[in-house]
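Structure first, then comments.
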Amino acid sequence: MPSLADLRERHRGPIITPDDVGYDAARATFNGILDRRPALVARPLEVADVVTAVRFAGEAGLPIAVRGGGHGVAGHCVGDGSLVVDLRLMRQVEVDPQSRTVTCEGGALWEDLDVPCQRHGLATPGGTFGDTGVAGLTLGGGIGHLSPSYGLTLDNLLAAEVVTADGSVVSASENGNPELFWAIRGGGGNFGVVVEFTFRLHPVGLLLGGKLDYLLEDAPIVLPVWRDVMAGAPDSLASFGQVYRDGVTGVDLVNCSVASFDGLDAGREAIRELTEGLSPVSNTVRPMYYSELQDIYGRMPFGLRNYWSGRFLGALTDEVLTLTIEKFLDPEVSGGVLIEPLHGAAARVAPDATAFAGREARWNATFINVWTDPNDDERQIEVARAYAKSLEPWAVGGGYLNYAAETVGDGLKTEFGARFKRLQAAKRQYDPGNVFRFNHNISPE
């Protein structure tokens with residue numbers, strides 16, 4: 001049995017145990033509902049430290065959880081009784097403007113990556129919050145402002161370096177270990193610790209971006225117009241719709257984000273029905289650059305209580321919009337519904353080209369519930385679950401795993417459909433003992 005002292009001698013980064021002062025801070029996740037107690041938290045400085053930690057876990061019989069940005073609502077980055085490989089000290093980013101590629105370490109956040117890329121007028125599709133981890137977003141999909149123009153985040157992944165369950169360091173790309181490369185693009189953290197990502201970059205300059213806010217009482221007018229605008233939107237236009245009530249401030253609104261990459265005049269024309277045809281109470285849409293666009297939603301603090309649930313949809317029907325609006329007729333309901341179109345480049349990738357579970361869908365609707373009082377847990381969770389269940393007649397497969405507090409239907413068989421058996425085969429090859437089980441788990445059996 002390996003000793004903790006031996007691990008500390010071989011692992012250059014910090015090792016945090018339950019007896020250490022920093023243990024509670026180290027095990028905290030984005031979601032305040034969760035209270036998980038790992039056996040150890042290892043913070044590697046480099047790939048060799050990751051290998052050391054993974055091999056120690058194998059010798060000690062410990063399962064492994066992997067923390068990138070720690071932003072996932074399901075809290076998979078920390079597992080009870082696990083060894084957490086916490087990558088927050090591995091955040092180096094290198095941009096090659098000539099080849100239009102960027103390489104980052106597994107603990108990088110999007111704000112670490114976006115800024116050096118934008119210095120060269122380049123970007124790759126990320127999410128919508130700068131403090132989200134690159135790793136988790138990429139491995140689960142990656143829906144963001146650039147997705148209609150250039151695809152999901154994982155569609156722009158060119159290569160990855162993975163430490164597998166036996167401590168091997170494996171390179172994955174279309175030209176090497178292609179089955180692993182296929183699996184990590186949508187299969188999450190099931191196959192190892194991804195310690196390095198290389199992405200394709202695209203020119204992204206001055207754009208038209210911001211938000212349009214409308215009164216909640218105008219939702220029956222606003223949402224159908226927004227839906228119709230986005231149903232025919234060009235690749236250059238991204239917009240996400242929200243209906244929400246803030247349980248703390250009592251503010252309730254309909255909100256539409258705007259990100260247009262086809263010139264300012266073309267952008268204004270693309271959203272004309274949303275600005276001139278309707279009556280926004282707030283309009284912050286103006287010329288800006290990508291780094292500012294990525295912060296238009298502000299930041300969601302770690303430690304609030306969260307439960308998110310939704311479905312991929314084949315169509316955003318009048319019935320779906322009506323039941324969404326009616327959800328907020330109850331003044332006791334707080335939280336919000338986020339609706340994301342899946343059009344343009346992201347929709348043109350073949351369903352089996354990657355493991356991503358939502359390629360056949362055209363919309364993604366998610367109830368995002370956030371609150372502070374532990375006494376409200378049961379009620380708030382049920383509100384989100386009930387909304388997701390009400391979407392089943394229009395659902396395509398399951399829900400977006402990057403947002404899911406838990407899986408739906410028949411678990412991952414529902415989520416991945418025909419891709420599931422292929423993912424299981426990759427799991428058996430790279431993690432036959434299911435060491436990496438703190439995720440939306442694909443069992444090798």
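Chain labels A, B, ... are given in the sequence in which chains occur in the structure tokens; within each chain residues are numbered consecutively from 1, and ligands are likewise numbered from 1 in the order shown.
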### Task
Assign secondary structure with DSSP using the backbone only, and return the residues of region 358-436 of chain A in alpha helix (DSSP H) as a PyMOL selection string.
chain A and resi 377-390+412-416+420-430
Determine, using only C-alpha atoms, which residues of region 158-254 of chain A have any atom at most 8 Å from an atom of region 302-325 of chain A, and tabulate each with its shortest atom pair and distance in Å to one decimal place, rows ordered by chain and then rising number, as JSON lines.
```
{"residue": "A:Ala219", "atom": "CA", "partner": "A:Ile325", "partner_atom": "CA", "distance": 6.7}
{"residue": "A:Pro220", "atom": "CA", "partner": "A:Ile325", "partner_atom": "CA", "distance": 7.2}
{"residue": "A:Leu223", "atom": "CA", "partner": "A:Leu321", "partner_atom": "CA", "distance": 7.1}
{"residue": "A:Pro224", "atom": "CA", "partner": "A:Asp318", "partner_atom": "CA", "distance": 7.4}
{"residue": "A:Arg227", "atom": "CA", "partner": "A:Leu316", "partner_atom": "CA", "distance": 7.4}
{"residue": "A:Val243", "atom": "CA", "partner": "A:Ile325", "partner_atom": "CA", "distance": 7.5}
```
I need the chosen residues saved as a PDB file, in the first residue's frame, with N, CA and C atoms.
```pdb
ATOM      1  N   ALA A 219     -43.944  38.347 -22.717  1.00  0.00           N
ATOM      2  CA  ALA A 219     -43.373  37.097 -23.215  1.00  0.00           C
ATOM      3  C   ALA A 219     -44.202  36.449 -24.319  1.00  0.00           C
ATOM      4  N   PRO A 220     -45.553  36.437 -24.247  1.00  0.00           N
ATOM      5  CA  PRO A 220     -46.325  35.805 -25.325  1.00  0.00           C
ATOM      6  C   PRO A 220     -46.122  36.464 -26.692  1.00  0.00           C
ATOM      7  N   LEU A 223     -41.406  36.031 -27.327  1.00  0.00           N
ATOM      8  CA  LEU A 223     -40.783  34.730 -27.599  1.00  0.00           C
ATOM      9  C   LEU A 223     -41.112  34.174 -28.992  1.00  0.00           C
ATOM     10  N   PRO A 224     -42.355  34.251 -29.477  1.00  0.00           N
ATOM     11  CA  PRO A 224     -42.593  33.774 -30.849  1.00  0.00           C
ATOM     12  C   PRO A 224     -41.819  34.563 -31.905  1.00  0.00           C
ATOM     13  N   ARG A 227     -38.226  33.416 -31.649  1.00  0.00           N
ATOM     14  CA  ARG A 227     -38.141  32.070 -32.217  1.00  0.00           C
ATOM     15  C   ARG A 227     -38.105  32.110 -33.741  1.00  0.00           C
ATOM     16  N   VAL A 243     -36.350  33.330 -20.107  1.00  0.00           N
ATOM     17  CA  VAL A 243     -37.464  33.826 -19.315  1.00  0.00           C
ATOM     18  C   VAL A 243     -37.080  33.554 -17.871  1.00  0.00           C
TER      19      VAL A 243
END
```
### Task
Determine which residues of region 112-242 of chain A receive a DSSP assignment of strand (DSSP E or B), computed from the backbone, and state them as a PyMOL selection string.
chain A and resi 122-123+133+157-163+169-173+176+193-200+202-203+207-215+237-238+241-242
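Nearest residue to Thr198 (chain A) among A:Gly68, A:Ser257, A:Arg419, A:Glu105 is A:Glu105, counting only C-alpha atoms.
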### Task
Would you mind listing what lies within 10 Å of Phe197 (chain A) as an MDAnalysis selection string, with only C-alpha atoms counted and same-chain residues fewer than 4 positions away left out?
chainID A and resid 93 102:106 108 134:135 138 157:162 172
Contact check, region 235-276 of chain A to region 335-351 of chain A, at most 10 Å, counting only C-alpha atoms, closest pairs as JSON lines:
```
{"residue": "A:Asp235", "atom": "CA", "partner": "A:Gly344", "partner_atom": "CA", "distance": 4.7}
{"residue": "A:Ser236", "atom": "CA", "partner": "A:Gly344", "partner_atom": "CA", "distance": 8.3}
{"residue": "A:Leu237", "atom": "CA", "partner": "A:Gly344", "partner_atom": "CA", "distance": 9.1}
{"residue": "A:Ala238", "atom": "CA", "partner": "A:Pro341", "partner_atom": "CA", "distance": 8.0}
{"residue": "A:Ser239", "atom": "CA", "partner": "A:Glu340", "partner_atom": "CA", "distance": 7.4}
{"residue": "A:Phe240", "atom": "CA", "partner": "A:Glu340", "partner_atom": "CA", "distance": 5.0}
{"residue": "A:Gly241", "atom": "CA", "partner": "A:Ile339", "partner_atom": "CA", "distance": 5.1}
{"residue": "A:Gln242", "atom": "CA", "partner": "A:Leu338", "partner_atom": "CA", "distance": 4.6}
{"residue": "A:Val243", "atom": "CA", "partner": "A:Val337", "partner_atom": "CA", "distance": 5.3}
{"residue": "A:Tyr244", "atom": "CA", "partner": "A:Gly336", "partner_atom": "CA", "distance": 3.8}
{"residue": "A:Arg245", "atom": "CA", "partner": "A:Gly335", "partner_atom": "CA", "distance": 5.5}
{"residue": "A:Asp246", "atom": "CA", "partner": "A:Gly335", "partner_atom": "CA", "distance": 6.0}
{"residue": "A:Gly247", "atom": "CA", "partner": "A:Gly335", "partner_atom": "CA", "distance": 6.8}
{"residue": "A:Val248", "atom": "CA", "partner": "A:Gly335", "partner_atom": "CA", "distance": 9.9}
{"residue": "A:Asp252", "atom": "CA", "partner": "A:Gly336", "partner_atom": "CA", "distance": 9.2}
{"residue": "A:Leu253", "atom": "CA", "partner": "A:Gly336", "partner_atom": "CA", "distance": 9.4}
{"residue": "A:Val254", "atom": "CA", "partner": "A:Gly336", "partner_atom": "CA", "distance": 9.5}
{"residue": "A:Asn255", "atom": "CA", "partner": "A:Leu338", "partner_atom": "CA", "distance": 9.3}
{"residue": "A:Cys256", "atom": "CA", "partner": "A:Ile339", "partner_atom": "CA", "distance": 9.5}
```
#### Entry: Gap from CA of Asn175 (chain A) to CA of Gln429 (chain A) - Å, one decimal
18.0 Å
### Query
What is the CA of Pro393 (chain A)-CA of Asp352 (chain A) distance in Å, reported with one decimal?
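Going from CA of Pro393 (chain A) over to CA of Asp352 (chain A), I get 23.9 Å.
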### Query
With only C-alpha atoms as the basis for distance, which of A:Gly69, A:Pro301, A:Lys427, A:Val47 is at the shortest distance from Thr372 (chain A)?
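Checking each of A:Gly69, A:Pro301, A:Lys427, A:Val47 against Thr372 (chain A), counting only C-alpha atoms, the winner is A:Pro301.
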### region 284-297 of chain A environment, 10 Å, only C-alpha atoms, sequence neighbours closer than 3 positions dropped, as an NGL selection string
:A and (110-111 or 114-115 or 117-118 or 121-123 or 126-131 or 144-146 or 204-213 or 257-261 or 263-264 or 267-268 or 275 or 300)
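Here CA of Glu196 (chain A) and CA of Gly417 (chain A) stand 28.5 Å from one another.
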### Query
Of the candidates A:Leu278, A:Ala355, A:Leu40, A:Ala266, which shows the shortest atom-to-atom distance to Leu139 (chain A), using only C-alpha atoms?
A:Ala355
### Query
Hey, which of A:His11, A:Arg185, A:Lys327, A:Arg27 ends up closest to Thr354 (chain A)? Count only C-alpha atoms.
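Checking each candidate against Thr354 (chain A), we get A:Arg185 as the closest.
Shortest atom-to-atom contact with Val85 (chain A) among A:Gly433, A:Pro2, A:Gly189, A:Gly151: A:Gly189, counting only C-alpha atoms.
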